[in-house]
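K.L.:
Sharing input25.txt here; it has compact mmCIF, C-alpha atoms and all ligand atoms.
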# COMPACT_ATOMS: atom_id res chain seq x y z
CA MET A 1 -95.42 14.96 -21.44
CA SER A 2 -96.30 18.50 -20.59
CA LYS A 3 -95.07 21.17 -22.99
CA ALA A 4 -93.38 23.51 -20.57
CA LEU A 5 -90.44 22.15 -18.66
CA VAL A 6 -90.08 23.51 -15.15
CA LEU A 7 -86.39 24.13 -14.52
CA GLY A 8 -85.21 22.40 -11.37
CA SER A 9 -88.08 19.90 -11.47
CA GLU A 10 -87.72 16.12 -11.30
CA GLU A 11 -88.81 16.05 -14.94
CA HIS A 12 -86.01 18.46 -15.88
CA LYS A 13 -83.44 16.30 -14.10
CA LYS A 14 -84.72 13.11 -15.75
CA LEU A 15 -84.80 14.72 -19.19
CA LEU A 16 -81.28 16.16 -18.98
CA CYS A 17 -79.82 12.93 -17.58
CA ARG A 18 -81.74 10.51 -19.81
CA THR A 19 -80.96 12.56 -22.93
CA PHE A 20 -77.29 12.30 -22.06
CA ILE A 21 -77.27 8.62 -21.10
CA ASP A 22 -79.50 7.44 -23.96
CA THR A 23 -77.38 9.15 -26.64
CA HIS A 24 -74.08 7.69 -25.40
CA ASP A 25 -72.18 5.78 -28.10
CA PRO A 26 -70.33 2.81 -26.58
CA PHE A 27 -67.47 2.73 -29.11
CA LYS A 28 -64.06 1.52 -27.95
CA PRO A 29 -60.98 3.61 -28.87
CA GLU A 30 -58.94 0.45 -29.47
CA ASP A 31 -61.40 -0.56 -32.23
CA ILE A 32 -60.64 2.57 -34.27
CA ARG A 33 -58.91 1.71 -37.53
CA TRP A 34 -56.59 4.61 -38.24
CA PRO A 35 -56.38 5.35 -41.97
CA GLU A 36 -53.14 5.63 -43.85
CA LEU A 37 -52.17 9.25 -44.52
CA ASP A 38 -50.06 10.44 -47.41
CA ALA A 39 -46.97 12.53 -46.63
CA GLU A 40 -48.88 15.80 -46.99
CA GLY A 41 -51.75 14.66 -44.76
CA LEU A 42 -49.34 13.41 -42.12
CA GLU A 43 -47.44 16.69 -42.14
CA ARG A 44 -50.70 18.58 -41.82
CA LEU A 45 -51.82 16.43 -38.90
CA LYS A 46 -48.49 16.84 -37.12
CA ALA A 47 -48.55 20.59 -37.71
CA MET A 48 -51.86 21.09 -35.92
CA PRO A 49 -50.93 23.12 -32.83
CA VAL A 50 -53.20 21.21 -30.49
CA TRP A 51 -51.83 17.83 -29.47
CA ASN A 52 -50.02 18.68 -26.23
CA GLU A 53 -52.75 20.93 -24.93
CA ALA A 54 -55.61 18.68 -26.04
CA THR A 55 -54.12 15.50 -24.55
CA ARG A 56 -53.43 17.19 -21.23
CA THR A 57 -56.80 18.96 -21.11
CA GLU A 58 -58.83 15.84 -21.89
CA ALA A 59 -57.03 13.84 -19.18
CA ALA A 60 -57.52 16.64 -16.63
CA THR A 61 -61.17 17.10 -17.61
CA ALA A 62 -61.84 13.37 -17.16
CA VAL A 63 -60.54 13.54 -13.57
CA LYS A 64 -62.54 16.71 -12.79
CA VAL A 65 -65.80 15.37 -14.21
CA GLN A 66 -65.36 11.93 -12.65
CA SER A 67 -64.74 13.52 -9.23
CA LEU A 68 -68.22 15.05 -9.35
CA GLY A 69 -69.69 11.75 -10.59
CA ASP A 70 -68.10 10.06 -7.57
CA THR A 71 -69.44 12.57 -5.02
CA GLU A 72 -72.87 13.38 -6.48
CA LYS A 73 -75.58 12.04 -4.15
CA ASP A 74 -78.40 11.81 -6.69
CA PRO A 75 -78.04 8.42 -8.45
CA LEU A 76 -79.32 9.58 -11.85
CA LEU A 77 -77.16 12.71 -11.91
CA ALA A 78 -74.20 10.63 -10.71
CA GLU A 79 -74.74 8.13 -13.53
CA ALA A 80 -74.90 10.83 -16.21
CA ILE A 81 -71.91 12.78 -14.84
CA SER A 82 -69.80 9.62 -14.45
CA LEU A 83 -70.65 8.68 -18.02
CA GLN A 84 -69.46 12.12 -19.10
CA GLY A 85 -66.25 11.53 -17.11
CA TYR A 86 -65.82 8.23 -18.96
CA GLU A 87 -66.31 9.98 -22.31
CA GLU A 88 -63.69 12.60 -21.40
CA GLY A 89 -61.26 9.83 -20.48
CA ARG A 90 -62.08 8.19 -23.79
CA HIS A 91 -61.24 11.45 -25.60
CA ALA A 92 -57.83 11.33 -23.89
CA ASP A 93 -57.42 7.67 -24.96
CA VAL A 94 -58.35 8.49 -28.58
CA LEU A 95 -55.75 11.27 -28.64
CA ARG A 96 -53.14 9.01 -27.05
CA LEU A 97 -53.76 6.32 -29.68
CA LEU A 98 -53.83 8.82 -32.54
CA THR A 99 -50.60 10.55 -31.58
CA ARG A 100 -48.89 7.18 -31.03
CA HIS A 101 -50.14 5.80 -34.36
CA TYR A 102 -49.02 8.79 -36.41
CA GLY A 103 -45.81 9.41 -34.49
CA ILE A 104 -46.81 12.81 -33.09
CA PRO A 105 -44.66 13.72 -30.07
CA VAL A 106 -46.61 14.64 -26.95
CA MET A 107 -44.87 15.99 -23.89
CA PRO A 108 -45.45 13.93 -20.74
CA PHE A 109 -47.53 15.64 -18.09
CA PRO A 110 -48.13 14.96 -14.40
CA GLU A 111 -51.13 12.96 -13.26
CA PRO A 112 -54.10 15.41 -13.09
CA GLU A 113 -55.14 16.40 -9.58
CA VAL A 114 -58.55 15.60 -8.13
CA PRO A 115 -60.25 18.96 -7.50
CA ALA A 116 -61.04 20.07 -3.98
CA ASP A 117 -64.44 21.38 -5.11
CA PRO A 118 -65.83 19.01 -7.78
CA THR A 119 -68.98 21.08 -8.40
CA ARG A 120 -66.99 24.21 -9.16
CA ALA A 121 -64.51 22.24 -11.26
CA PHE A 122 -67.34 20.70 -13.30
CA LEU A 123 -69.00 24.06 -13.82
CA ARG A 124 -65.77 25.75 -14.88
CA THR A 125 -64.70 23.02 -17.21
CA GLY A 126 -68.21 22.71 -18.65
CA TYR A 127 -68.52 26.39 -19.45
CA GLY A 128 -64.97 26.32 -20.81
CA GLU A 129 -66.20 23.60 -23.17
CA CYS A 130 -69.14 25.82 -24.17
CA LEU A 131 -66.65 28.52 -25.23
CA ASP A 132 -64.30 26.13 -27.03
CA SER A 133 -66.80 23.92 -28.77
CA PHE A 134 -68.62 26.81 -30.45
CA PHE A 135 -65.49 27.62 -32.48
CA ALA A 136 -64.35 23.99 -32.71
CA PHE A 137 -67.63 23.11 -34.47
CA GLY A 138 -67.00 25.78 -37.11
CA LEU A 139 -63.32 24.90 -37.59
CA PHE A 140 -64.19 21.23 -37.91
CA ARG A 141 -66.76 22.04 -40.60
CA LEU A 142 -64.17 24.05 -42.53
CA GLY A 143 -61.71 21.15 -42.24
CA VAL A 144 -64.25 18.60 -43.47
CA ASP A 145 -65.37 20.83 -46.35
CA ALA A 146 -61.74 21.40 -47.36
CA ASP A 147 -61.09 17.59 -47.34
CA LEU A 148 -58.10 18.13 -45.09
CA PHE A 149 -58.06 14.51 -43.95
CA PRO A 150 -59.54 11.18 -45.09
CA LYS A 151 -63.15 10.61 -44.08
CA ALA A 152 -62.15 7.68 -41.84
CA LEU A 153 -60.17 10.13 -39.71
CA THR A 154 -62.72 12.95 -39.66
CA ASP A 155 -65.40 10.38 -38.71
CA VAL A 156 -63.53 9.74 -35.44
CA PHE A 157 -63.59 13.45 -34.67
CA GLU A 158 -67.17 13.78 -35.84
CA GLN A 159 -68.04 11.47 -32.95
CA ILE A 160 -66.04 13.57 -30.49
CA MET A 161 -67.57 16.82 -31.76
CA GLN A 162 -71.07 15.43 -31.20
CA GLU A 163 -70.07 14.34 -27.72
CA LYS A 164 -68.98 17.90 -27.03
CA ALA A 165 -72.46 19.05 -28.10
CA ARG A 166 -74.01 16.60 -25.62
CA HIS A 167 -71.63 17.78 -22.90
CA ILE A 168 -72.46 21.46 -23.29
CA LEU A 169 -76.18 20.68 -23.48
CA PHE A 170 -75.78 18.81 -20.20
CA ILE A 171 -73.76 21.51 -18.43
CA VAL A 172 -76.14 24.37 -19.14
CA ASN A 173 -79.14 22.32 -18.03
CA TRP A 174 -77.32 20.96 -14.97
CA ALA A 175 -76.37 24.51 -13.95
CA ALA A 176 -79.94 25.72 -14.54
CA TYR A 177 -81.21 22.77 -12.51
CA LEU A 178 -78.88 23.58 -9.59
CA ARG A 179 -79.86 27.25 -9.75
CA ALA A 180 -83.58 26.55 -9.79
CA ARG A 181 -83.27 24.20 -6.78
CA ARG A 182 -81.91 27.04 -4.68
CA PRO A 183 -84.23 29.35 -2.74
CA ALA A 184 -84.96 32.51 -4.80
CA ALA A 185 -82.95 34.65 -2.37
CA LEU A 186 -79.78 32.63 -3.04
CA ARG A 187 -80.04 32.62 -6.82
CA PRO A 188 -78.29 35.99 -7.37
CA ALA A 189 -75.27 34.60 -5.50
CA PHE A 190 -75.35 31.52 -7.75
CA ASP A 191 -75.55 33.76 -10.83
CA LEU A 192 -72.57 35.75 -9.62
CA TRP A 193 -70.57 32.58 -8.88
CA ARG A 194 -71.41 31.17 -12.31
CA ALA A 195 -70.62 34.45 -14.11
CA TRP A 196 -67.32 34.74 -12.25
CA ASN A 197 -66.29 31.25 -13.33
CA ILE A 198 -67.37 31.81 -16.93
CA ALA A 199 -65.41 35.07 -17.00
CA GLY A 200 -62.38 33.19 -15.66
CA GLN A 201 -62.66 30.66 -18.47
CA ALA A 202 -63.12 33.38 -21.09
CA PHE A 203 -60.04 35.19 -19.75
CA ASP A 204 -57.96 31.98 -19.95
CA ARG A 205 -58.95 31.57 -23.59
CA LEU A 206 -58.20 35.18 -24.42
CA LYS A 207 -54.76 34.71 -22.89
CA GLY A 208 -54.27 31.52 -24.93
CA ALA A 209 -55.40 33.27 -28.13
CA LEU A 210 -52.96 36.12 -27.52
CA GLN A 211 -50.15 33.59 -26.94
CA MET A 212 -51.06 31.89 -30.22
CA ALA A 213 -51.16 35.24 -32.01
CA GLY A 214 -47.74 35.98 -30.57
CA GLY A 215 -46.39 32.72 -32.02
CA GLY A 216 -46.68 30.72 -28.78
CA GLY A 217 -48.58 27.90 -30.50
CA ASP A 218 -49.69 25.02 -28.31
CA LYS A 219 -49.80 26.85 -25.04
CA ASP A 220 -47.27 24.70 -23.29
CA LYS A 221 -44.92 27.13 -21.68
CA LYS A 222 -43.45 24.77 -19.10
CA GLU A 223 -41.53 22.73 -21.59
CA PRO A 224 -37.79 22.49 -20.88
CA LYS A 225 -35.78 24.45 -23.39
CA GLY A 226 -33.56 21.50 -24.24
CA SER A 227 -36.49 19.19 -25.02
CA PRO A 228 -35.79 17.17 -28.17
CA GLU A 229 -39.39 17.58 -29.35
CA ALA A 230 -39.53 21.32 -28.96
CA PRO A 231 -37.81 22.53 -32.15
CA ASP A 232 -39.76 20.18 -34.41
CA ARG A 233 -43.06 20.99 -32.73
CA ASP A 234 -42.47 24.73 -32.92
CA HIS A 235 -41.49 24.40 -36.56
CA THR A 236 -44.56 22.41 -37.55
CA GLN A 237 -46.90 24.61 -35.58
CA ALA A 238 -45.53 27.72 -37.20
CA GLY A 239 -46.02 25.94 -40.51
CA PHE A 240 -49.62 25.21 -39.69
CA THR A 241 -50.29 28.81 -38.72
CA LEU A 242 -48.72 30.11 -41.88
CA LYS A 243 -50.43 27.60 -44.13
CA SER A 244 -53.82 27.39 -42.46
CA HIS A 245 -55.32 30.15 -44.58
CA SER A 246 -54.55 28.31 -47.80
CA VAL A 247 -55.41 24.94 -46.24
CA PHE A 248 -58.90 26.00 -45.19
CA GLY A 249 -59.48 28.05 -48.30
CA ASP A 250 -60.36 31.72 -48.48
CA PHE A 251 -62.86 32.70 -45.83
CA SER A 252 -63.79 35.89 -44.06
CA LEU A 253 -64.25 36.29 -40.33
CA ARG A 254 -67.93 36.80 -40.97
CA SER A 255 -68.36 33.58 -42.93
CA PHE A 256 -66.36 31.67 -40.30
CA LEU A 257 -68.57 32.98 -37.48
CA GLU A 258 -71.69 32.20 -39.50
CA THR A 259 -70.40 28.66 -39.98
CA CYS A 260 -69.87 28.40 -36.21
CA LEU A 261 -73.42 29.62 -35.54
CA ASN A 262 -74.92 27.18 -38.05
CA GLU A 263 -72.89 24.23 -36.82
CA ASN A 264 -73.68 25.01 -33.21
CA GLU A 265 -77.39 25.00 -33.97
CA ARG A 266 -77.18 21.88 -36.13
CA ARG A 267 -75.25 19.88 -33.54
CA LEU A 268 -77.70 20.76 -30.77
CA SER A 269 -80.81 20.29 -32.90
CA PRO A 270 -81.30 16.51 -32.42
CA TYR A 271 -82.06 16.88 -28.71
CA ASP A 272 -85.31 17.60 -26.92
CA PRO A 273 -86.25 21.23 -27.65
CA ARG A 274 -87.38 21.70 -24.04
CA LEU A 275 -83.78 21.48 -22.84
CA LEU A 276 -81.89 24.77 -22.59
CA ARG A 277 -79.15 25.51 -25.13
CA PRO A 278 -75.93 27.43 -24.48
CA THR A 279 -76.76 31.01 -25.45
CA LEU A 280 -73.92 33.20 -24.24
CA VAL A 281 -71.36 32.71 -27.04
CA PRO A 282 -73.92 32.43 -29.87
CA SER A 283 -75.67 35.65 -28.82
CA VAL A 284 -72.40 37.62 -28.60
CA VAL A 285 -71.24 36.22 -31.95
CA ARG A 286 -74.58 37.02 -33.58
CA LYS A 287 -74.08 40.66 -32.56
CA VAL A 288 -70.53 40.62 -33.94
CA VAL A 289 -71.71 39.12 -37.24
CA TYR A 290 -74.37 41.81 -37.47
CA VAL A 291 -71.76 44.58 -37.52
CA LEU A 292 -69.18 42.81 -39.70
CA PRO A 293 -69.15 43.70 -43.40
CA ARG A 294 -70.56 41.16 -45.83
CA ARG A 295 -67.96 39.20 -47.75
CA ASN A 296 -67.23 40.59 -51.19
CA ALA A 297 -64.56 40.36 -53.87
CA SER A 298 -62.27 42.75 -51.99
CA SER A 299 -62.56 41.03 -48.62
CA LYS A 300 -59.04 39.81 -48.04
CA GLY A 301 -57.00 39.18 -44.95
CA PRO A 302 -54.85 42.03 -43.60
CA GLU A 303 -51.62 40.41 -44.81
CA GLU A 304 -53.00 40.14 -48.34
CA LYS A 305 -54.09 43.77 -48.32
CA ALA A 306 -50.65 44.83 -47.19
CA ALA A 307 -48.96 42.73 -49.87
FE FE A 401 -63.41 16.02 -24.10
FE FE A 402 -66.54 17.40 -22.95
I need this file expressed as structure tokens, please.
Ligand SMILES: [Fe+2]
Ligand SMILES: [Fe+2]

P.N.:
Amino acid sequence: MSKALVLGSEEHKKLLCRTFIDTHDPFKPEDIRWPELDAEGLERLKAMPVWNEATRTEAATAVKVQSLGDTEKDPLLAEAISLQGYEEGRHADVLRLLTRHYGIPVMPFPEPEVPADPTRAFLRTGYGECLDSFFAFGLFRLGVDADLFPKALTDVFEQIMQEKARHILFIVNWAAYLRARRPAALRPAFDLWRAWNIAGQAFDRLKGALQMAGGGGDKDKKEPKGSPEAPDRDHTQAGFTLKSHSVFGDFSLRSFLETCLNENERRLSPYDPRLLRPTLVPSVVRKVVYVLPRRNASSKGPEEKAA
């Protein structure tokens, strides 16, 4: 194989699709053996403020991704994108089985809608995953290192984390492939369209983070006030937020971001180096880390300083 990969070439398409297809793990969610959790572990799992949002998002993402798989004309791209749609649906199934097994209440949600523009939906959701997974990789590492849950449970999520790495590797190369296939004169418009959609996704996450900071927890704001699950869920989520610092151990923002950077690189390292990697979030975070103070004995969270 030649050393340099020409973006938009047949070789680029084959490499990005084959890498994705050949690294697919055909596990079945129903074969997962869920480990027993002690009372503390179960409380911790239930308190994670993610189950409603994650279950809904995975189901919606599966429909969005599959809609592009169904309409894509190129057979190899269609195969890879449909496989990604299947994996997203499998994420939703894993979450459904987990929440059922451990008795975690999840609010019902309407059947996700098929997008009118599958290409745009795939791009948006893919870049959204680039933003989310960067921090998810770091948080997951902290959770594993802190032995928050039995290995049998973290192994299930290890698989999902690595699938996220494959998904973001695919999206950035797919977008670069689409861009390179366009005549040079149309590429600035593509860049603008892509940047606009990435900014939209970043804005959504900022809004979600502000809601979390304001005590909103799992960003499900449409829940009826009288819902029987609501008080318990709010209680446990508040508990998780309050306890998470002690649960994960003492860490500074800088060390957390460094963990995210390292994990991001590690998770993407097994794949062909000629494929593009997501660079936007890592490059911004690297700049942030550069200006953050190094951790020292006096580096404590704001609430501890105030105490
Ligand atoms: Fe997913
Ligand atoms: Fe994904």

K.L.:
If the limit is 6 Å from any atom of ligand FE 401 (chain A), counting all atoms listed in the file, which residues qualify? Return them as a PyMOL selection string.

P.N.:
chain A and resi 58+88+91

K.L.:
Give me the residues near Arg266 of chain A as a list in words, where near means some atom within 12 Å (using all atoms listed in the file) and where sequence neighbours in that chain fewer than 2 positions away do not count.

P.N.:
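Counting all atoms listed in the file, the residues come to Phe134, Phe137, Gly138, Arg141, Met161, Gln162, Ala165, Thr259, Cys260, Leu261, Asn262, Glu263, Asn264, Leu268, Ser269, Pro270, Tyr271 and Arg277 of chain A.
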
K.L.:
Let me see the file: selected residues, C-alpha atoms, as a PDB file, in the coordinates of the input.

P.N.:
ATOM      1  CA  PHE A 134     -68.620  26.810 -30.450  1.00  0.00           C
ATOM      2  CA  PHE A 137     -67.630  23.110 -34.470  1.00  0.00           C
ATOM      3  CA  GLY A 138     -67.000  25.780 -37.110  1.00  0.00           C
ATOM      4  CA  ARG A 141     -66.760  22.040 -40.600  1.00  0.00           C
ATOM      5  CA  MET A 161     -67.570  16.820 -31.760  1.00  0.00           C
ATOM      6  CA  GLN A 162     -71.070  15.430 -31.200  1.00  0.00           C
ATOM      7  CA  ALA A 165     -72.460  19.050 -28.100  1.00  0.00           C
ATOM      8  CA  THR A 259     -70.400  28.660 -39.980  1.00  0.00           C
ATOM      9  CA  CYS A 260     -69.870  28.400 -36.210  1.00  0.00           C
ATOM     10  CA  LEU A 261     -73.420  29.620 -35.540  1.00  0.00           C
ATOM     11  CA  ASN A 262     -74.920  27.180 -38.050  1.00  0.00           C
ATOM     12  CA  GLU A 263     -72.890  24.230 -36.820  1.00  0.00           C
ATOM     13  CA  ASN A 264     -73.680  25.010 -33.210  1.00  0.00           C
ATOM     14  CA  LEU A 268     -77.700  20.760 -30.770  1.00  0.00           C
ATOM     15  CA  SER A 269     -80.810  20.290 -32.900  1.00  0.00           C
ATOM     16  CA  PRO A 270     -81.300  16.510 -32.420  1.00  0.00           C
ATOM     17  CA  TYR A 271     -82.060  16.880 -28.710  1.00  0.00           C
ATOM     18  CA  ARG A 277     -79.150  25.510 -25.130  1.00  0.00           C
TER      19      ARG A 277
END

K.L.:
Could the residues that lie within 10 Å of ligand FE 402 (chain A), counting only C-alpha atoms and all ligand atoms, be listed as a ChimeraX atom specification?

P.N.:
/A:58,61-62,65,84-85,87-89,91,125-130,132-133,160-168,170-171

K.L.:
So, counting all atoms listed in the file, which residue among A:Glu53, A:Ala47, A:Pro183, A:Leu292 is closest to Leu253 of chain A?

P.N.:
A:Leu292

K.L.:
Find the residue from A:Asp191, A:Trp174, A:Lys64, A:His101 that sits nearest to Phe20 of chain A; use all atoms listed in the file when measuring.

P.N.:
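Residue with the minimum atom-to-atom distance to Phe20 of chain A: A:Trp174.
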